[in-house]
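K.L.:
Take a look at the following structure, please.
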Number of protein chains: 2
Amino acid sequence: MTIDFRVIARQLGLLLLVLSALILSMAGFAVLEQGVSSLWHSPDAEAMLMSAGVGAVLALVLVGVGKKSSSIIGHREALLLVAMSWIIGGFVAALPFWFWAHLQGGAGQATHDFGSMVNCYFESVSGLTTTGSTIVQAISELPRSILLWRSLIQWLGGLGIVVLFVAVLPMLGVGGRRIYRIEAPGPSPEGVRPRIVEAARALWYIYLGLTLLEILALRIAGMGWFDATCHTLTTLATGGFSTSDASAAGFPSPSIQYILMFFMLLAGINFSLYHLVLRGEWRKAIKDRELQCYLGLVSVATIIIAVSVYRHHSIPPSEAGAAAGAAEAVQHSLFQVLAIQTTTGFCSTDFDTWSFVPKAILMLLMFVGGCAGSTGGGIKVIRIMIAAKVMAAEIEHVYRPKVVRTVKIGKMTIDADLKRSILVYVLGIIILFALGTGGLMYFDAGNGIDITTAATASLSTLNNIGPGLARVGATQNYAWFSAPSKIVMCMLMILGRLEMFTIIVLFTPRYWRGE
Amino acid sequence: MTIDFRVIARQLGLLLLVLSALILSMAGFAVLEQGVSSLWHSPDAEAMLMSAGVGAVLALVLVGVGKKSSSIIGHREALLLVAMSWIIGGFVAALPFWFWAHLQGGAGQATHDFGSMVNCYFESVSGLTTTGSTIVQAISELPRSILLWRSLIQWLGGLGIVVLFVAVLPMLGVGGRRIYRIEAPGPSPEGVRPRIVEAARALWYIYLGLTLLEILALRIAGMGWFDATCHTLTTLATGGFSTSDASAAGFPSPSIQYILMFFMLLAGINFSLYHLVLRGEWRKAIKDRELQCYLGLVSVATIIIAVSVYRHHSIPPSEAGAAAGAAEAVQHSLFQVLAIQTTTGFCSTDFDTWSFVPKAILMLLMFVGGCAGSTGGGIKVIRIMIAAKVMAAEIEHVYRPKVVRTVKIGKMTIDADLKRSILVYVLGIIILFALGTGGLMYFDAGNGIDITTAATASLSTLNNIGPGLARVGATQNYAWFSAPSKIVMCMLMILGRLEMFTIIVLFTPRYWRGE
């Protein structure tokens with residue numbers, strides 16, 4: 001059976017049409033701020049117009065190609081469509097950056113952050129995958145429409161991931177439904193499609209509701225409307241792009257910091273639990289084992305890091321004395337634990353200056369990530385829980401090979417298939433991390449890259465976090481990498497975001513032969 | 001059911017008695033070389049006598065404790081005995097180093113390599129686990145009896161491992177019998193014990209035969225008897241202790257180098273295949289999939305490294321021209337690939353000066369190690385093969401969750417239990433590697449340890465190799481580590497050598513409660 005490319009083209013075309021419309025709305029935003037003449041005077045407004053045009057043409061061609069396609073999407077087509085949405089979507093979303101740089105003209109163009117398509121694509125993929133690694137060296141100098149667009153693509157990416165993994169893939173029987181605790185869709189009279197639409201609509205309302213709440217909260221805490229909107233878009237997506245060169249540290253008010261923390265925490269939770277809460281089943285939601293483990297990890301990590309940070313005076317001591325110093329240590333520790341574990345990647349302080357233990361814990365949390373079905377990246381808390389339980393059960397097999405004990409998470413029994421698939425997933429992420437590190441070491445040997453930088457850059461992009469340590473630390477950026485390294489990291493970001501196998505499967509001959 | 005400590009005490013006592021007798025034979029060796037008066041004039045001969053005495057007393061106490069024990073060893077007792085053999089055996093085998101240092105007296109004692117018990121224990125455990133990491137800073141200044149003892153404990157460790165994993169544990173139903181391709185011992189009239197004795201005897205003859213062959217070969221190639229014996233003892237055990245400060249590079253004759261390579265290659269092969277060959281079933285032996293994969297890995301790695309080493313002139317260019325230079329590149333590349341993959345750890349050149357690609361390949365080979373049932377360490381070729389096949393099969397599950405394909409290696413079907421246990425094993429080694437790296441970073445932060453050193457030291461000791469990179473590179477040693485780090489590495493060496501779970505199980509309450 002060959003793959004039905006037309007159905008893929010049509011769906012992809014529709015997606016690009018939405019993207020183009022959103023880019024056009026950025027031009028509208030520029031007009032609102034700078035007046036109508038910005039459309040022919042201001043490079044960022046012009047760039048938005050041109051990008052929307054190019055995107056729309058591409059979208060219409062694809063829709064045209066797929067005009068006569070069937071309305072049913074098969075499993076294989078769904079996988080290819082998902083991969084293409086991020087890969088091609090990343091290209092269209094990168095157009096505003098590229099046009100903006102090139103419409104400015106002048107001598108600085110070659111050295112402009114967005115002077116090369118690779119840089120634009122890196123920034124755009126980092127956005128759509130909700131990673132938040134940036135190649136921009138002076139964020140505060142970007143025009144506001146570009147800043148808003150950077151934030152908006154993260155928000156879109158986050159929404160896309162939640163809808164995809166909670167509503168679409170499990171219904172299609174693709175991916176790990178049990179991981180997301182989606183009840184099996186039994187034979188229903190309406191078929192699969194209405195269920196997907198219904199679930200996606202509920203998720204969309206939740207996402208939108210949280211967005212409005214956070215914007216309001218940040219505004220009340222003293223942030224301007226623009227910054228509040230941009231940071232909200234990147235918090236809920238666990239993206240981490242900021243409008244300030246100092247990231248979240250640019251907004252030092254504790255109330256703003258704690259609002260960001262609260263919404264990062266929420267963004268790292270399985271969105272189907274919010275669905276439960278909305279249906280009044282909040283008791284069931286708070287009994288969720290993954291949620292409990294997630295909150296436990298955050299608490300334990302924060303306590304250890306806060307003690308270490310306080311004892312080593314890693315945060316400049318407050319003039320107000322010991323109690324205030326302790327409060328600051330707790331605030332920054334909690335902030336960085338949440339920012340890293342939820343894979344948002346905001347920085348409230350330069351954690352690269354912390355001592356070994358806090359940095360080692362943050363690195364471990366990078367692997368863990370958020371809950372399944374959240375906008376967070378990483379391996380996911382539930383997979384770590386299951387892998388740990390399976391490993392513990394294995395030890396007993398050494399001296400009593402015949403005893404079989406059932407591995408359970410709450411009431412869910414983990415069968416042999418799920419055990420294997422989770423162990424393979426964890427191992428796969430570790431292998432990709434090692435390959436990524438090797439790739440960066442190889443391609444940037446000329447830049448004198450060190451192993452800490454290469455390893456944390458690989459880890460951070462693969463798990464969609466943002467910052468790493470050393471030369472990709474909290475106060476650094478990704479501009480200095482060579483183009484091949486940037487392409488490696490784009491691949492890592494997409495592989496990590498789409499849970500790896502969704503992409504790897506496309507490289508197997510069997511998939512294409514349809515065997 | 002409580003654990004029968006008496007049976008463990010008796011078996012351990014018998015083992016220590018053998019060790020003590022061998023230490024006594026080292027005193028005999030000193031007498032042969034230096035005359036009888038060495039027993040009261042020469043610190044090394046005195047040290048051997050005293051160590052043998054202390055060891056014998058300890059051994060007899062243990063045998064006395066276990067005098068009335070039953071002759072049957074249960075599964076749990078076997079596991080504890082195995083762990084104790086290496087942990088307590090390492091202590092007795094360390095006595096000659098410690099007594100030798102302390103009988104010398106004088107001002108240098110505190111700074112003597114063997115001045116601290118931790119150093120002596122590290123060297124001894126590195127020997128018994130066939131690792132080959134050393135804390136000795138000037139090997140050529142050691143007395144010959146000490147040098148011989150260092151080599152002999154590696155040989156003993158290698159023999160112990162082969163007998164244990166090929167003959168003892170599988171017969172007891174402990175550990176992964178299928179991994180070693182041992183045919184299941186069906187109900188036999190003679191019972192389990194005679195089978196173990198028979199298998200152990202065959203392995204012992206094979207090991208001894210290879211030992212005699214290599215000594216002769218090295219002597220004929222021009223090495224002295226003493227050096228030939230010491231290097232043979234450490235080659236077949238894939239240990240890697242040398243009598244020269246420059247390791248194998250101290251014997252640059254190509255014939256010696258190729259003899260060492262040949263026997264390293266043999267030591268990395270499953271010893272039960274030699275048993276097959278002896279029974280005339282060599283066709284079956286050469287069809288072994290693990291053997292083929294092992295030879296394939298060695299060949300591919302050698303080719304890639306040789307090309308890189310030759311192109312980057314990483315080996316000082318020979319005056320004899322390009323052809324000779326190429327031959328040298330091949331020789332050193334093959335040597336280091338074999339030394340690292342078989343986990344012997346000899347150095348024929350300072351591979352730490354090689355470029356990134358060769359070093360990265362060597363690091364990957366460190367994880368792989370030799371074949372199951374060889375004296376080599378590492379994860380083992382067969383486990384890597386199975387893990388790779390399981391991962392490949394998993395990819396297909398993504399788009400067709402209902403299709404079940406059987407994973408096979410040759411004619412062996414890999415069932416769900418074996419899949420899970422191997423994935424857990426690989427993951428466990430990676431976790432121990434990471435924990436070890438973290439431990440070394442933490443305990444030697446004051447020594448300004450770098451991540452490359454910590455990671456490769458952890459990797460190298462866990463997989464029983466010997467050298468690593470940077471400050472534990474080919475020309476370096478382990479003397480400078482802090483005592484806590486040395487203890488961490490002793491734990492890693494023992495965990496790696498006894499295939500991890502054999503040790504970890506002892507830390508679970510259930511094992512002790514006998515549930």
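We name chains A, B, ... following the order of the structure tokens; residues begin at 1 in each chain, and ligands are numbered from 1 as shown.
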Do me a favour and pick out the residues of chain A within 7 Å of chain B, using only C-alpha atoms, as a list in words.

P.N.:
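Result: His75, Arg76, Val174, Gly175, Phe356, Met391, Glu394, Ile395, Glu396, Val398, Tyr399, Ala416, Arg420, Ser421, Leu423, Val424, Leu427, Tyr442, Phe501, Thr502 and Val505 of chain A.
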
K.L.:
Restrict the selected residues to N, CA and C atoms and save them as a compact mmCIF listing (two decimals), in the first residue's frame.

P.N.:
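Saved file again36.txt follows:
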```txt
# COMPACT_ATOMS: atom_id res chain seq x y z
N HIS A 75 -2.88 5.61 9.54
CA HIS A 75 -1.83 5.72 10.57
C HIS A 75 -0.54 6.26 10.00
N ARG A 76 -0.14 5.66 8.87
CA ARG A 76 1.15 6.07 8.31
C ARG A 76 1.10 7.52 7.84
N VAL A 174 -2.07 5.28 17.41
CA VAL A 174 -0.63 5.46 17.22
C VAL A 174 -0.07 6.05 18.52
N GLY A 175 1.15 5.66 18.88
CA GLY A 175 1.76 6.23 20.08
C GLY A 175 1.23 5.55 21.33
N PHE A 356 28.47 22.17 42.12
CA PHE A 356 28.26 20.94 41.37
C PHE A 356 26.90 20.28 41.63
N MET A 391 12.99 -1.60 36.73
CA MET A 391 14.37 -1.90 37.12
C MET A 391 14.42 -2.50 38.52
N GLU A 394 13.40 -6.02 38.45
CA GLU A 394 14.38 -6.88 37.78
C GLU A 394 15.42 -7.43 38.76
N ILE A 395 15.75 -6.64 39.77
CA ILE A 395 16.79 -7.06 40.70
C ILE A 395 16.42 -8.40 41.34
N GLU A 396 15.13 -8.54 41.67
CA GLU A 396 14.71 -9.76 42.31
C GLU A 396 14.87 -10.97 41.39
N VAL A 398 17.23 -11.81 39.73
CA VAL A 398 18.57 -12.37 39.74
C VAL A 398 18.63 -13.62 40.60
N TYR A 399 17.96 -13.57 41.75
CA TYR A 399 18.08 -14.75 42.62
C TYR A 399 16.82 -15.60 42.67
N ALA A 416 4.07 -6.47 29.57
CA ALA A 416 5.41 -6.67 28.99
C ALA A 416 5.68 -5.70 27.84
N ARG A 420 8.72 -2.93 27.81
CA ARG A 420 9.75 -2.91 26.78
C ARG A 420 9.78 -1.56 26.08
N SER A 421 8.58 -1.07 25.72
CA SER A 421 8.58 0.14 24.91
C SER A 421 9.11 1.33 25.71
N LEU A 423 11.37 1.14 28.27
CA LEU A 423 12.82 0.98 28.42
C LEU A 423 13.53 1.40 27.13
N VAL A 424 12.94 0.98 26.00
CA VAL A 424 13.52 1.36 24.71
C VAL A 424 13.50 2.87 24.54
N LEU A 427 16.23 4.47 26.72
CA LEU A 427 17.53 4.16 26.13
C LEU A 427 17.73 4.96 24.84
N TYR A 442 32.06 17.25 17.15
CA TYR A 442 32.71 17.09 15.86
C TYR A 442 32.61 18.36 15.02
N PHE A 501 10.25 8.34 18.18
CA PHE A 501 9.92 7.27 17.25
C PHE A 501 9.05 7.76 16.10
N THR A 502 8.22 8.76 16.38
CA THR A 502 7.37 9.35 15.36
C THR A 502 8.21 9.81 14.17
N VAL A 505 10.76 6.45 12.67
CA VAL A 505 10.04 5.49 11.85
C VAL A 505 10.08 5.89 10.36
```

K.L.:
Report the residues of region 388-507 of chain B whose backbone DSSP state falls under helix (DSSP H, G or I), written as a count of residues only.

P.N.:
78

K.L.:
List the spatial neighbours of region 41-57 of chain A as a PyMOL selection string - criterion: any atom at most 10 Å away, only C-alpha atoms, same-chain residues fewer than 6 positions off excluded.

P.N.:
chain A and resi 13-14+16-31+34-35+63+89+91-105+142-146+149

K.L.:
Quick one: write out the picked residues with N, CA and C atoms as a compact mmCIF listing (two decimals), in the first residue's frame?

P.N.:
```
# COMPACT_ATOMS: atom_id res chain seq x y z
N GLY A 13 -1.32 21.91 3.93
CA GLY A 13 -1.69 23.18 3.33
C GLY A 13 -2.61 23.99 4.24
N LEU A 14 -3.58 23.32 4.83
CA LEU A 14 -4.50 24.01 5.74
C LEU A 14 -3.74 24.58 6.94
N LEU A 16 -0.56 25.45 7.02
CA LEU A 16 0.26 26.59 6.60
C LEU A 16 -0.60 27.82 6.36
N LEU A 17 -1.84 27.59 5.95
CA LEU A 17 -2.77 28.71 5.75
C LEU A 17 -3.03 29.41 7.09
N VAL A 18 -3.23 28.61 8.13
CA VAL A 18 -3.43 29.18 9.47
C VAL A 18 -2.18 29.97 9.88
N LEU A 19 -1.01 29.35 9.67
CA LEU A 19 0.25 30.03 10.02
C LEU A 19 0.36 31.36 9.29
N SER A 20 0.04 31.34 8.00
CA SER A 20 0.17 32.57 7.21
C SER A 20 -0.79 33.64 7.70
N ALA A 21 -2.00 33.21 8.06
CA ALA A 21 -2.98 34.18 8.59
C ALA A 21 -2.44 34.80 9.88
N LEU A 22 -1.79 34.00 10.70
CA LEU A 22 -1.24 34.52 11.95
C LEU A 22 -0.09 35.48 11.68
N ILE A 23 0.72 35.17 10.66
CA ILE A 23 1.81 36.08 10.31
C ILE A 23 1.21 37.42 9.85
N LEU A 24 0.13 37.32 9.07
CA LEU A 24 -0.55 38.53 8.60
C LEU A 24 -1.05 39.35 9.79
N SER A 25 -1.52 38.65 10.83
CA SER A 25 -2.01 39.38 12.00
C SER A 25 -0.85 40.13 12.69
N MET A 26 0.38 39.63 12.53
CA MET A 26 1.53 40.35 13.06
C MET A 26 1.73 41.66 12.32
N ALA A 27 1.48 41.62 10.99
CA ALA A 27 1.53 42.87 10.22
C ALA A 27 0.48 43.83 10.76
N GLY A 28 -0.69 43.28 11.06
CA GLY A 28 -1.75 44.09 11.65
C GLY A 28 -1.31 44.71 12.96
N PHE A 29 -0.61 43.94 13.77
CA PHE A 29 -0.10 44.43 15.05
C PHE A 29 0.86 45.61 14.83
N ALA A 30 1.73 45.46 13.80
CA ALA A 30 2.68 46.54 13.50
C ALA A 30 1.94 47.81 13.08
N VAL A 31 0.89 47.63 12.29
CA VAL A 31 0.10 48.78 11.84
C VAL A 31 -0.55 49.48 13.04
N GLN A 34 2.49 51.23 14.75
CA GLN A 34 3.31 52.21 14.03
C GLN A 34 2.54 52.95 12.94
N GLY A 35 1.28 52.64 12.78
CA GLY A 35 0.51 53.29 11.72
C GLY A 35 0.61 52.54 10.41
N VAL A 63 -2.82 22.73 -0.84
CA VAL A 63 -4.25 22.42 -0.78
C VAL A 63 -4.74 21.99 -2.16
N GLY A 89 6.44 23.51 8.73
CA GLY A 89 5.91 24.63 9.51
C GLY A 89 7.05 25.50 10.03
N PHE A 91 9.80 26.06 8.62
CA PHE A 91 10.31 26.88 7.52
C PHE A 91 9.45 28.12 7.32
N VAL A 92 8.15 27.94 7.28
CA VAL A 92 7.25 29.09 7.08
C VAL A 92 7.33 30.06 8.26
N ALA A 93 7.39 29.50 9.47
CA ALA A 93 7.45 30.36 10.65
C ALA A 93 8.77 31.13 10.71
N ALA A 94 9.78 30.65 9.96
CA ALA A 94 11.09 31.32 9.97
C ALA A 94 11.13 32.50 8.99
N LEU A 95 10.17 32.54 8.05
CA LEU A 95 10.21 33.56 7.00
C LEU A 95 10.23 35.00 7.55
N PRO A 96 9.41 35.33 8.54
CA PRO A 96 9.45 36.72 9.03
C PRO A 96 10.84 37.15 9.51
N PHE A 97 11.56 36.23 10.18
CA PHE A 97 12.91 36.57 10.64
C PHE A 97 13.82 36.89 9.46
N TRP A 98 13.73 36.03 8.45
CA TRP A 98 14.63 36.14 7.31
C TRP A 98 14.34 37.41 6.51
N PHE A 99 13.05 37.63 6.20
CA PHE A 99 12.70 38.83 5.43
C PHE A 99 13.06 40.09 6.19
N TRP A 100 12.81 40.08 7.50
CA TRP A 100 13.12 41.27 8.30
C TRP A 100 14.60 41.62 8.18
N ALA A 101 15.48 40.60 8.33
CA ALA A 101 16.92 40.85 8.24
C ALA A 101 17.30 41.36 6.87
N HIS A 102 16.70 40.79 5.83
CA HIS A 102 17.13 41.13 4.49
C HIS A 102 16.51 42.42 3.97
N LEU A 103 15.38 42.83 4.54
CA LEU A 103 14.78 44.10 4.12
C LEU A 103 15.50 45.29 4.74
N GLN A 104 16.26 45.05 5.80
CA GLN A 104 17.01 46.14 6.42
C GLN A 104 18.15 46.59 5.52
N GLY A 105 18.73 45.62 4.78
CA GLY A 105 19.83 45.94 3.88
C GLY A 105 21.04 46.44 4.63
N LEU A 142 15.14 43.71 19.17
CA LEU A 142 14.23 43.22 18.13
C LEU A 142 12.97 44.09 18.12
N PRO A 143 12.37 44.30 16.91
CA PRO A 143 11.09 45.02 16.87
C PRO A 143 10.00 44.21 17.57
N ARG A 144 8.97 44.91 18.06
CA ARG A 144 7.97 44.24 18.87
C ARG A 144 7.16 43.20 18.09
N SER A 145 6.95 43.42 16.81
CA SER A 145 6.19 42.41 16.06
C SER A 145 6.98 41.10 15.95
N ILE A 146 8.29 41.23 15.82
CA ILE A 146 9.14 40.03 15.76
C ILE A 146 9.14 39.33 17.12
N TRP A 149 5.90 37.51 17.50
CA TRP A 149 5.86 36.33 16.64
C TRP A 149 6.66 35.18 17.26
```
